[in-house]
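input-v4.txt follows (compact mmCIF, C-alpha atoms):
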```txt
# COMPACT_ATOMS: atom_id res chain seq x y z
CA MET A 1 12.22 17.37 -11.14
CA SER A 2 11.20 20.66 -12.73
CA MET A 3 9.00 23.29 -11.13
CA THR A 4 6.30 22.45 -13.70
CA ASP A 5 6.40 18.79 -12.71
CA THR A 6 6.17 19.76 -9.04
CA ALA A 7 3.16 21.99 -9.73
CA GLU A 8 1.46 19.20 -11.68
CA ILE A 9 2.01 16.76 -8.81
CA ARG A 10 0.57 19.25 -6.35
CA ASP A 11 -2.46 19.83 -8.55
CA ARG A 12 -3.15 16.09 -8.94
CA LEU A 13 -2.95 15.50 -5.20
CA SER A 14 -5.12 18.52 -4.47
CA ALA A 15 -7.79 17.31 -6.89
CA ALA A 16 -7.75 13.88 -5.25
CA VAL A 17 -7.87 14.98 -1.60
CA HIS A 18 -8.93 18.58 -1.01
CA ARG A 19 -12.60 19.01 -0.13
CA ASN A 20 -12.60 21.96 2.30
CA ARG A 21 -11.37 25.53 2.68
CA ALA A 22 -7.63 25.77 3.32
CA PHE A 23 -7.98 27.35 6.76
CA SER A 24 -10.77 25.16 8.07
CA ARG A 25 -9.88 22.34 10.47
CA GLU A 26 -10.64 19.76 7.80
CA GLY A 27 -8.82 21.76 5.14
CA VAL A 28 -5.64 21.98 7.21
CA ALA A 29 -5.67 18.21 7.72
CA GLU A 30 -6.18 17.64 3.98
CA ARG A 31 -3.22 19.83 3.11
CA LEU A 32 -1.01 18.12 5.66
CA PHE A 33 -1.89 14.84 3.97
CA THR A 34 -1.10 16.04 0.44
CA ARG A 35 2.18 17.49 1.71
CA ALA A 36 3.14 14.11 3.20
CA PHE A 37 2.02 12.23 0.07
CA ARG A 38 4.52 14.02 -2.14
CA GLY A 39 7.18 11.99 -0.35
CA LEU A 40 7.48 8.30 0.47
CA VAL A 41 4.44 7.05 2.38
CA TYR A 42 4.52 3.26 2.01
CA PRO A 43 7.93 1.53 1.95
CA GLN A 44 5.78 -1.63 1.94
CA ILE A 45 2.22 -1.85 0.65
CA TRP A 46 -0.44 -2.95 3.18
CA GLU A 47 -2.74 -4.99 0.96
CA ASP A 48 -2.28 -8.75 0.93
CA PRO A 49 -1.20 -9.77 -2.60
CA ALA A 50 -2.20 -13.41 -2.01
CA VAL A 51 -5.82 -12.23 -1.59
CA ASP A 52 -5.52 -10.02 -4.65
CA MET A 53 -4.09 -12.76 -6.85
CA ALA A 54 -6.77 -15.27 -5.87
CA ALA A 55 -9.51 -12.76 -6.74
CA LEU A 56 -7.89 -11.58 -9.99
CA ASP A 57 -7.27 -15.16 -11.20
CA ILE A 58 -4.38 -13.91 -13.35
CA GLY A 59 -3.79 -15.70 -16.66
CA ALA A 60 -1.01 -15.50 -19.23
CA ASP A 61 -3.09 -13.30 -21.57
CA ASP A 62 -4.31 -10.91 -18.88
CA GLU A 63 -3.49 -7.22 -18.96
CA LEU A 64 -3.77 -5.50 -15.58
CA VAL A 65 -4.11 -1.90 -14.44
CA CYS A 66 -3.42 -0.95 -10.84
CA ILE A 67 -2.52 1.76 -8.37
CA ALA A 68 1.05 1.06 -7.33
CA SER A 69 1.64 2.39 -3.82
CA GLY A 70 4.91 0.70 -2.78
CA SER A 71 4.68 -1.63 -5.83
CA CYS A 72 4.76 -4.83 -3.74
CA ASN A 73 1.45 -5.70 -5.41
CA VAL A 74 2.67 -4.99 -8.95
CA MET A 75 5.78 -7.10 -8.39
CA SER A 76 3.80 -9.97 -6.88
CA TYR A 77 1.31 -10.00 -9.77
CA LEU A 78 4.25 -10.43 -12.15
CA THR A 79 5.04 -13.77 -10.52
CA ALA A 80 1.74 -15.06 -11.96
CA GLY A 81 2.99 -14.31 -15.49
CA PRO A 82 0.44 -11.80 -16.88
CA LYS A 83 0.83 -10.26 -20.32
CA SER A 84 1.23 -6.74 -18.88
CA VAL A 85 0.80 -4.61 -15.77
CA MET A 86 0.28 -0.85 -16.04
CA ALA A 87 0.59 0.99 -12.73
CA VAL A 88 0.02 4.59 -11.65
CA ASP A 89 0.51 6.51 -8.43
CA LEU A 90 0.07 10.13 -7.38
CA SER A 91 3.21 10.04 -5.22
CA PRO A 92 6.43 10.60 -7.21
CA ALA A 93 8.30 8.73 -4.46
CA HIS A 94 6.15 5.65 -5.01
CA VAL A 95 6.82 5.84 -8.75
CA ALA A 96 10.55 6.03 -8.08
CA LEU A 97 10.33 3.03 -5.74
CA GLY A 98 8.44 1.00 -8.33
CA ARG A 99 10.99 1.76 -11.03
CA LEU A 100 13.80 0.86 -8.63
CA LYS A 101 12.15 -2.52 -8.02
CA PHE A 102 11.73 -3.16 -11.75
CA ALA A 103 15.38 -2.37 -12.46
CA ALA A 104 16.59 -4.40 -9.47
CA ALA A 105 14.69 -7.50 -10.58
CA ALA A 106 16.01 -7.14 -14.13
CA HIS A 107 19.65 -6.25 -13.47
CA LEU A 108 20.89 -7.46 -10.07
CA PRO A 109 23.03 -10.61 -10.39
CA GLY A 110 20.51 -12.89 -8.68
CA HIS A 111 17.99 -13.46 -5.93
CA ALA A 112 20.55 -13.15 -3.12
CA GLU A 113 21.25 -9.53 -4.05
CA PHE A 114 17.56 -8.83 -4.63
CA ARG A 115 16.70 -10.28 -1.22
CA ARG A 116 19.45 -8.31 0.47
CA LEU A 117 18.05 -5.09 -1.03
CA PHE A 118 14.35 -5.56 -0.30
CA VAL A 119 14.16 -8.10 2.55
CA ASP A 120 17.19 -7.28 4.68
CA ALA A 121 17.11 -3.67 3.43
CA ALA A 122 19.81 -2.64 5.91
CA ASP A 123 23.18 -3.49 4.39
CA PRO A 124 25.84 -1.07 3.04
CA ARG A 125 26.44 -3.47 0.16
CA ASN A 126 23.02 -2.46 -1.17
CA VAL A 127 24.36 0.99 -2.03
CA ASP A 128 27.27 -0.49 -3.95
CA ALA A 129 24.91 -2.84 -5.81
CA PHE A 130 22.69 0.11 -6.69
CA TYR A 131 25.50 2.06 -8.34
CA ARG A 132 27.01 -1.00 -10.03
CA HIS A 133 23.91 -2.76 -11.39
CA ILE A 134 20.79 -0.61 -11.04
CA ALA A 135 21.72 3.05 -11.55
CA PRO A 136 22.97 2.58 -15.14
CA ASN A 137 19.54 1.18 -16.06
CA LEU A 138 17.33 3.89 -14.53
CA ASP A 139 15.71 6.82 -16.30
CA ASP A 140 17.17 10.21 -15.39
CA GLU A 141 14.26 11.23 -13.16
CA THR A 142 14.36 8.05 -11.08
CA LEU A 143 18.13 8.15 -10.80
CA ALA A 144 17.94 11.76 -9.63
CA PHE A 145 15.39 10.80 -6.98
CA TRP A 146 17.50 8.03 -5.42
CA THR A 147 20.78 9.94 -5.58
CA ALA A 148 19.35 13.19 -4.17
CA ARG A 149 20.39 14.12 -0.66
CA GLY A 150 17.93 14.48 2.21
CA PRO A 151 17.95 17.05 5.04
CA LEU A 152 20.78 15.20 6.83
CA GLY A 153 22.95 15.06 3.73
CA ARG A 154 22.47 11.36 3.01
CA ARG A 155 21.46 10.14 -0.43
CA ARG A 156 18.03 8.51 -0.52
CA ILE A 157 19.44 5.18 -1.68
CA GLU A 158 21.28 4.98 1.64
CA MET A 159 17.95 4.16 3.30
CA PHE A 160 18.59 0.61 2.09
CA ALA A 161 21.81 0.55 4.11
CA ARG A 162 20.12 1.65 7.33
CA GLY A 163 16.74 -0.08 7.41
CA PHE A 164 14.49 0.98 4.54
CA TYR A 165 11.24 -0.07 6.25
CA ARG A 166 11.85 2.38 9.08
CA HIS A 167 11.48 5.24 6.60
CA GLY A 168 8.53 6.85 4.88
CA ALA A 169 5.43 8.12 6.64
CA LEU A 170 4.32 4.59 7.51
CA GLY A 171 7.74 3.57 8.85
CA ARG A 172 7.83 6.63 11.08
CA PHE A 173 4.24 6.03 12.21
CA ILE A 174 5.10 2.47 13.27
CA GLY A 175 8.18 3.79 15.08
CA PHE A 176 6.00 6.33 16.87
CA GLY A 177 3.64 3.51 17.90
CA HIS A 178 6.59 1.64 19.42
CA GLY A 179 7.50 4.79 21.34
CA VAL A 180 3.98 5.18 22.70
CA ALA A 181 3.99 1.52 23.77
CA ARG A 182 7.22 2.09 25.73
CA LEU A 183 5.42 4.77 27.73
CA PHE A 184 3.18 1.95 28.95
CA GLY A 185 6.15 -0.30 29.70
CA VAL A 186 5.65 -2.48 26.62
CA ARG A 187 8.43 -3.47 24.22
CA ILE A 188 6.56 -4.34 21.02
CA ALA A 189 9.55 -6.23 19.59
CA ASP A 190 9.09 -8.84 22.34
CA PHE A 191 5.96 -9.95 20.49
CA ALA A 192 8.29 -11.65 18.00
CA ASN A 193 9.08 -14.22 20.71
CA CYS A 194 5.54 -15.63 20.49
CA ARG A 195 5.56 -19.12 18.98
CA ALA A 196 1.83 -19.86 18.74
CA ILE A 197 -1.37 -17.93 18.12
CA GLU A 198 -2.40 -18.51 21.75
CA GLU A 199 0.76 -16.73 22.88
CA GLN A 200 0.13 -13.91 20.40
CA ARG A 201 -3.39 -13.39 21.75
CA ALA A 202 -2.25 -13.49 25.37
CA PHE A 203 0.47 -10.91 24.67
CA PHE A 204 -1.99 -8.61 22.89
CA ASP A 205 -4.70 -8.85 25.55
CA ARG A 206 -2.29 -8.38 28.43
CA LYS A 207 0.11 -5.75 27.09
CA ILE A 208 -1.20 -4.01 23.98
CA ALA A 209 -4.99 -3.78 24.33
CA PRO A 210 -4.88 -1.66 27.53
CA ALA A 211 -3.02 1.11 25.68
CA PHE A 212 -6.00 1.61 23.36
CA ASP A 213 -8.17 2.38 26.38
CA SER A 214 -5.80 5.04 27.69
CA ARG A 215 -6.54 8.74 27.63
CA LEU A 216 -3.30 9.42 25.73
CA VAL A 217 -4.13 7.15 22.79
CA ARG A 218 -7.71 8.39 22.61
CA LEU A 219 -6.44 11.97 22.53
CA LEU A 220 -3.90 11.20 19.81
CA ALA A 221 -6.49 9.40 17.69
CA SER A 222 -9.11 12.15 18.00
CA SER A 223 -7.51 14.30 15.27
CA ARG A 224 -8.15 13.75 11.58
CA ALA A 225 -4.44 14.36 11.03
CA SER A 226 -3.41 11.62 13.45
CA LEU A 227 -3.51 8.81 10.90
CA ILE A 228 -1.72 10.57 8.04
CA GLY A 229 1.24 8.30 8.77
CA LEU A 230 -0.94 5.35 7.80
CA GLY A 231 -1.73 7.05 4.48
CA ILE A 232 -5.30 7.78 5.61
CA PRO A 233 -6.63 11.14 4.37
CA PRO A 234 -9.29 13.03 6.36
CA ALA A 235 -12.17 11.78 4.15
CA GLN A 236 -11.16 8.19 4.87
CA TYR A 237 -10.78 8.96 8.58
CA GLU A 238 -14.52 9.62 8.70
CA ALA A 239 -15.29 6.22 7.15
CA LEU A 240 -12.92 4.58 9.61
CA ALA A 241 -14.48 6.37 12.57
CA GLY A 242 -17.94 5.11 11.60
CA ALA A 243 -16.86 1.48 11.30
CA ALA A 244 -17.36 0.69 15.03
CA ALA A 245 -19.44 2.06 17.89
CA GLY A 246 -16.34 3.15 19.77
CA GLY A 247 -15.03 5.30 16.91
CA VAL A 248 -11.49 5.34 15.53
CA VAL A 249 -9.79 3.95 18.64
CA GLU A 250 -12.07 0.93 18.81
CA VAL A 251 -11.59 0.26 15.08
CA MET A 252 -7.80 0.50 15.48
CA LYS A 253 -7.92 -1.86 18.46
CA GLN A 254 -10.02 -4.45 16.59
CA ARG A 255 -7.88 -4.36 13.48
CA THR A 256 -4.59 -4.40 15.36
CA ARG A 257 -5.83 -7.49 17.18
CA LYS A 258 -6.66 -9.17 13.86
CA LEU A 259 -3.25 -8.21 12.48
CA LEU A 260 -1.37 -9.63 15.46
CA CYS A 261 -3.62 -12.49 16.57
CA ASP A 262 -5.58 -14.05 13.70
CA PHE A 263 -2.65 -15.53 11.76
CA PRO A 264 0.58 -17.26 12.82
CA LEU A 265 3.33 -14.67 13.08
CA SER A 266 5.59 -16.76 10.83
CA GLN A 267 3.00 -16.51 8.04
CA ASN A 268 2.14 -12.83 8.38
CA TRP A 269 4.81 -10.46 7.13
CA PHE A 270 2.53 -7.49 7.87
CA ALA A 271 2.57 -8.35 11.56
CA ARG A 272 6.33 -8.81 11.48
CA GLN A 273 6.68 -5.39 9.86
CA ALA A 274 4.62 -3.87 12.67
CA VAL A 275 6.57 -5.71 15.37
CA LEU A 276 10.11 -5.76 13.99
CA ARG A 277 9.94 -2.74 11.64
CA GLY A 278 11.13 -5.06 8.88
CA TYR A 279 10.54 -8.56 7.55
CA GLY A 280 12.87 -10.24 10.00
CA PRO A 281 15.11 -13.22 9.20
CA ASP A 282 12.44 -15.95 9.14
CA GLY A 283 8.92 -16.53 7.89
CA ALA A 284 6.85 -16.08 4.77
CA LEU A 285 7.46 -13.16 2.41
CA PRO A 286 5.41 -11.41 -0.30
CA PRO A 287 5.42 -13.56 -3.47
CA TYR A 288 7.85 -11.30 -5.34
CA LEU A 289 10.51 -11.76 -2.66
CA GLU A 290 10.34 -15.55 -2.49
CA ALA A 291 13.35 -17.30 -4.05
CA GLN A 292 11.23 -19.75 -6.05
CA ASN A 293 9.48 -16.87 -7.84
CA PHE A 294 12.54 -14.82 -8.76
CA GLU A 295 13.16 -16.18 -12.27
CA THR A 296 9.49 -15.77 -13.22
CA LEU A 297 9.57 -12.24 -11.84
CA ARG A 298 12.71 -11.44 -13.81
CA ALA A 299 11.21 -12.89 -17.00
CA HIS A 300 8.07 -10.73 -16.75
CA VAL A 301 9.28 -7.47 -15.20
CA GLY A 302 9.80 -6.01 -18.65
CA CYS A 303 6.02 -6.03 -19.21
CA ALA A 304 5.41 -3.68 -16.25
CA SER A 305 5.32 0.11 -16.27
CA ILE A 306 4.53 2.84 -13.76
CA ARG A 307 3.57 6.48 -14.24
CA ASN A 308 2.94 9.46 -11.99
CA GLU A 309 -0.70 10.18 -12.84
CA SER A 310 -4.23 9.42 -11.72
CA LEU A 311 -5.94 6.16 -12.56
CA THR A 312 -8.81 7.90 -14.33
CA ASP A 313 -6.40 9.84 -16.55
CA LEU A 314 -4.69 6.58 -17.56
CA LEU A 315 -8.01 4.82 -18.25
CA ASP A 316 -9.18 7.67 -20.46
CA ARG A 317 -6.32 6.89 -22.89
CA LEU A 318 -6.87 3.12 -23.09
CA PRO A 319 -8.88 1.30 -25.81
CA ASP A 320 -12.32 -0.15 -25.18
CA ALA A 321 -12.55 -3.65 -23.67
CA SER A 322 -8.76 -3.93 -23.51
CA LYS A 323 -7.95 -4.78 -19.87
CA HIS A 324 -8.76 -7.77 -17.68
CA GLY A 325 -7.96 -6.79 -14.10
CA PHE A 326 -8.05 -3.54 -12.12
CA VAL A 327 -6.64 -2.92 -8.64
CA LEU A 328 -7.95 0.25 -7.00
CA LEU A 329 -6.50 -0.23 -3.50
CA ASP A 330 -8.49 2.07 -1.17
CA ALA A 331 -8.46 5.12 -3.45
CA GLN A 332 -12.26 5.27 -3.74
CA ASP A 333 -12.53 6.15 -0.05
CA TRP A 334 -10.98 9.48 -1.01
CA MET A 335 -13.39 10.23 -3.86
CA THR A 336 -16.48 12.37 -4.29
CA ASP A 337 -19.51 10.91 -6.03
CA THR A 338 -18.54 12.80 -9.20
CA GLN A 339 -15.07 11.27 -9.15
CA LEU A 340 -16.46 7.79 -8.47
CA ASN A 341 -18.82 7.98 -11.44
CA ALA A 342 -16.05 9.25 -13.71
CA LEU A 343 -13.83 6.37 -12.61
CA TRP A 344 -16.50 3.69 -13.11
CA THR A 345 -17.51 5.14 -16.47
CA ALA A 346 -13.90 4.71 -17.58
CA LEU A 347 -13.58 1.27 -15.97
CA THR A 348 -16.75 0.03 -17.65
CA ARG A 349 -15.52 1.16 -21.06
CA VAL A 350 -11.97 -0.24 -20.73
CA ALA A 351 -12.90 -3.55 -19.07
CA ALA A 352 -13.17 -6.64 -21.26
CA PRO A 353 -16.07 -9.05 -20.56
CA GLY A 354 -15.23 -11.00 -17.42
CA ALA A 355 -12.71 -8.38 -16.24
CA ARG A 356 -12.25 -8.16 -12.48
CA VAL A 357 -12.02 -5.08 -10.27
CA ILE A 358 -10.77 -5.35 -6.69
CA PHE A 359 -10.58 -2.69 -4.01
CA ARG A 360 -10.60 -2.18 -0.26
CA THR A 361 -12.60 0.13 1.99
CA ALA A 362 -12.05 1.55 5.47
CA ALA A 363 -15.59 0.57 6.42
CA GLU A 364 -16.84 -2.97 5.82
CA PRO A 365 -19.52 -2.54 3.10
CA THR A 366 -18.84 -1.76 -0.54
CA LEU A 367 -19.27 1.97 -1.00
CA LEU A 368 -20.58 1.92 -4.58
CA PRO A 369 -24.39 1.36 -4.25
CA GLY A 370 -26.17 4.69 -3.96
CA ARG A 371 -23.09 6.61 -5.08
CA VAL A 372 -22.27 5.17 -8.51
CA SER A 373 -25.13 5.29 -11.00
CA ASP A 374 -27.38 2.25 -11.26
CA ASP A 375 -26.79 2.08 -15.02
CA LEU A 376 -23.06 1.63 -14.50
CA LEU A 377 -23.35 -0.86 -11.64
CA ALA A 378 -25.87 -2.92 -13.63
CA GLN A 379 -22.99 -3.85 -15.94
CA TRP A 380 -21.06 -5.43 -13.07
CA GLU A 381 -21.63 -8.40 -10.76
CA TYR A 382 -20.67 -7.99 -7.12
CA ARG A 383 -19.13 -11.21 -5.82
CA GLU A 384 -20.30 -11.03 -2.22
CA GLU A 385 -19.08 -14.43 -1.04
CA GLU A 386 -15.61 -14.02 -2.56
CA SER A 387 -15.42 -10.50 -1.16
CA ARG A 388 -16.23 -11.72 2.33
CA ALA A 389 -13.63 -14.48 2.04
CA GLY A 390 -11.02 -11.97 0.87
CA THR A 391 -11.76 -9.70 3.82
CA GLU A 392 -11.27 -12.55 6.27
CA ALA A 393 -8.08 -13.79 4.60
CA ASP A 394 -6.34 -10.40 4.30
CA ARG A 395 -3.42 -10.62 6.73
CA SER A 396 -2.76 -6.88 6.82
CA ALA A 397 -6.11 -6.45 8.66
CA ILE A 398 -6.01 -2.70 8.16
CA TYR A 399 -9.18 -2.44 6.06
CA GLY A 400 -12.80 -3.15 6.85
CA GLY A 401 -13.69 -4.70 3.51
CA PHE A 402 -12.21 -6.35 0.42
CA HIS A 403 -14.44 -6.22 -2.66
CA LEU A 404 -14.58 -7.96 -6.04
CA TYR A 405 -16.65 -6.88 -9.03
CA VAL A 406 -16.76 -8.82 -12.34
CA LYS A 407 -17.77 -7.28 -15.69
CA LYS A 408 -20.83 -8.90 -17.20
CA GLY A 409 -21.08 -9.97 -20.82
```
Take the structure in the file and give it back as structure tokens.
Amino acid sequence: MSMTDTAEIRDRLSAAVHRNRAFSREGVAERLFTRAFRGLVYPQIWEDPAVDMAALDIGADDELVCIASGSCNVMSYLTAGPKSVMAVDLSPAHVALGRLKFAAAAHLPGHAEFRRLFVDAADPRNVDAFYRHIAPNLDDETLAFWTARGPLGRRRIEMFARGFYRHGALGRFIGFGHGVARLFGVRIADFANCRAIEEQRAFFDRKIAPAFDSRLVRLLASSRASLIGLGIPPAQYEALAGAAAGGVVEVMKQRTRKLLCDFPLSQNWFARQAVLRGYGPDGALPPYLEAQNFETLRAHVGCASIRNESLTDLLDRLPDASKHGFVLLDAQDWMTDTQLNALWTALTRVAAPGARVIFRTAAEPTLLPGRVSDDLLAQWEYREEESRAGTEADRSAIYGGFHLYVKKG
């Protein structure tokens, strides 16, 4: 990657995140976040694609636009057979991961190799498969990313030989959480032995919940920089802190309990990622990793693309009324009112009648009323009941609210 490209990436991230002077407490936290976001943050995305796909109601003629993150969402949407999916992300590592997934689905011999790469994600044969089947089909920039050596001299693709989901900011954050739990005499991996929701709740209440009340955890969570490993910038930390009377620690406790206790462990791959630091050998998987969806995925992966740019920049280039679904993840929690209005101006122009926009928020309510102009919001219908249902069904449990807006007309 050239110095110019690096400078452009830095400028995009700065525009998205920086709100305060560099040497203020808030400014330091913001710059730590943008530094981390230049690398891999999410080896697995933490938005439930089943909730997304139900809200988007994807049809064969639909053209989607989304923020990629780890591209689990993009890949899962492809299993519904849309006409196209255009994805963007500000992290060059996320773009490289998305392009790796596209090439793997298109060029690996079959689902067994695809599963070994992205489910097991800890097998030396993955490196051989990369060089044999995937590398010849990558663009130069993506190939350079995965073959570059890290600080320890290993090539990045070797993460898939040693446990990919233990890497990235999120993987390290989860590992740190396991370490903190051990200080309290708790081995989080033992949670995987639970065979019923009642056992899951008993384990959480007896062994995990007390840690959230400890002085150590409250001290760790008191800093705006403490949740960078979860991909939460300082502006979003404030929204998270205001979501419960007890502040950030109480919110984390409530949402960790939902993650681990509200759904059977066998059906919640997010919980298994938190507990096992990987998908584990059994249980449900994201739609794009399920064997029965592989041929559909392979047939449609050619209609997907991913670029390293902001969503608003992409929308500004698209024709009027040309897209049918938009996935914003939680990016609006980062935005100023000016940025929100620019985004929704572009969305309103590009959205076809009946187009759907979905997003998540750290706090429970939708953040748009009072911040986005009434004239813009008047062109959209907020689906309150479907939004509430999506919030309840989201197995990742990390967000306060899931929201669906539908374009009128």
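Atom CA of A:Ala144 lies 15.0 Å from atom CA of A:Met159.
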Residues within 9 Å of (10.7, -5.1, 17.2), file coordinates, counting only C-alpha atoms: what are they? Give the list as a short mmCIF file (atom, residue, chain, number, x, y, z; two decimals) with C-alpha atoms, in the coordinates of the input.
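What landed in selection06.cif:
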```
data_model
loop_
_atom_site.label_atom_id
_atom_site.label_comp_id
_atom_site.auth_asym_id
_atom_site.auth_seq_id
_atom_site.Cartn_x
_atom_site.Cartn_y
_atom_site.Cartn_z
CA HIS A 178 6.59 1.64 19.42
CA ARG A 187 8.43 -3.47 24.22
CA ILE A 188 6.56 -4.34 21.02
CA ALA A 189 9.55 -6.23 19.59
CA ASP A 190 9.09 -8.84 22.34
CA PHE A 191 5.96 -9.95 20.49
CA ALA A 192 8.29 -11.65 18.00
CA ARG A 272 6.33 -8.81 11.48
CA GLN A 273 6.68 -5.39 9.86
CA ALA A 274 4.62 -3.87 12.67
CA VAL A 275 6.57 -5.71 15.37
CA LEU A 276 10.11 -5.76 13.99
CA ARG A 277 9.94 -2.74 11.64
CA GLY A 278 11.13 -5.06 8.88
#
```
I'd like a table as JSON lines: residues in stretch 88-144 of chain A with an atom no more than 7 Å from stretch 39-44 of chain A, each row giving the shortest atom pair and its distance in Å to one decimal, all atoms listed in the file counted, sorted by chain and rising residue number.
```
{"residue": "A:Ser91", "atom": "CA", "partner": "A:Gly39", "partner_atom": "CA", "distance": 6.6}
{"residue": "A:Ala93", "atom": "CA", "partner": "A:Leu40", "partner_atom": "CA", "distance": 5.0}
{"residue": "A:His94", "atom": "CA", "partner": "A:Leu40", "partner_atom": "CA", "distance": 6.2}
```
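Closest approach to A:Gln292 from the set A:Thr79, A:Ala50, A:Pro353, A:Ser69 is made by A:Thr79, with distances taken over all atoms listed in the file.
Atom CA of A:Glu290 to atom CA of A:Ser76 spans 9.7 Å [interatomic distance, one decimal].
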Of A:Leu216, A:Ala55, A:Ala181, A:Val251, the one sitting nearest A:Ala393 when using only C-alpha atoms is A:Ala55
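Compared by their closest atoms to A:Phe130, and using all atoms listed in the file, the residues A:Glu113, A:Glu47, A:Asp374, A:Asp394 rank with A:Glu113 nearest.
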Next item on the list: Enumerate, as number ranges by chain, the protein, DNA and RNA residues whose atoms approach (-7.0, 3.3, -23.2) to within 12 Å, taking into account all atoms listed in the file and the coordinate frame of the file.
Entry: A: 63, 65, 86, 311-323, 346-352
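Each of A:Ile45, A:Ala54, A:Ala362, A:Ala135 was compared to A:Gly168 using all atoms listed in the file, and A:Ile45 turns out to be the nearest.
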From the list A:Arg307, A:Arg206, A:Arg155, A:Arg215, the nearest residue to A:Arg99 using only C-alpha atoms is A:Arg307
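With all atoms listed in the file as the basis for measurement, A:Leu117 is the residue among A:Ile358, A:Leu117, A:Leu64, A:Ala397 that approaches A:Leu100 most closely.
Atom CA of A:Ser396 is positioned 21.5 Å from atom CA of A:Lys101.
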Env of A:Phe263: 12 Å cut, atoms = all atoms listed in the file, seq-sep filter 6 positions within chain, self excluded. Answer as a PyMOL selection string. chain A and resi 194-201+256-257+269-272+284+392-397
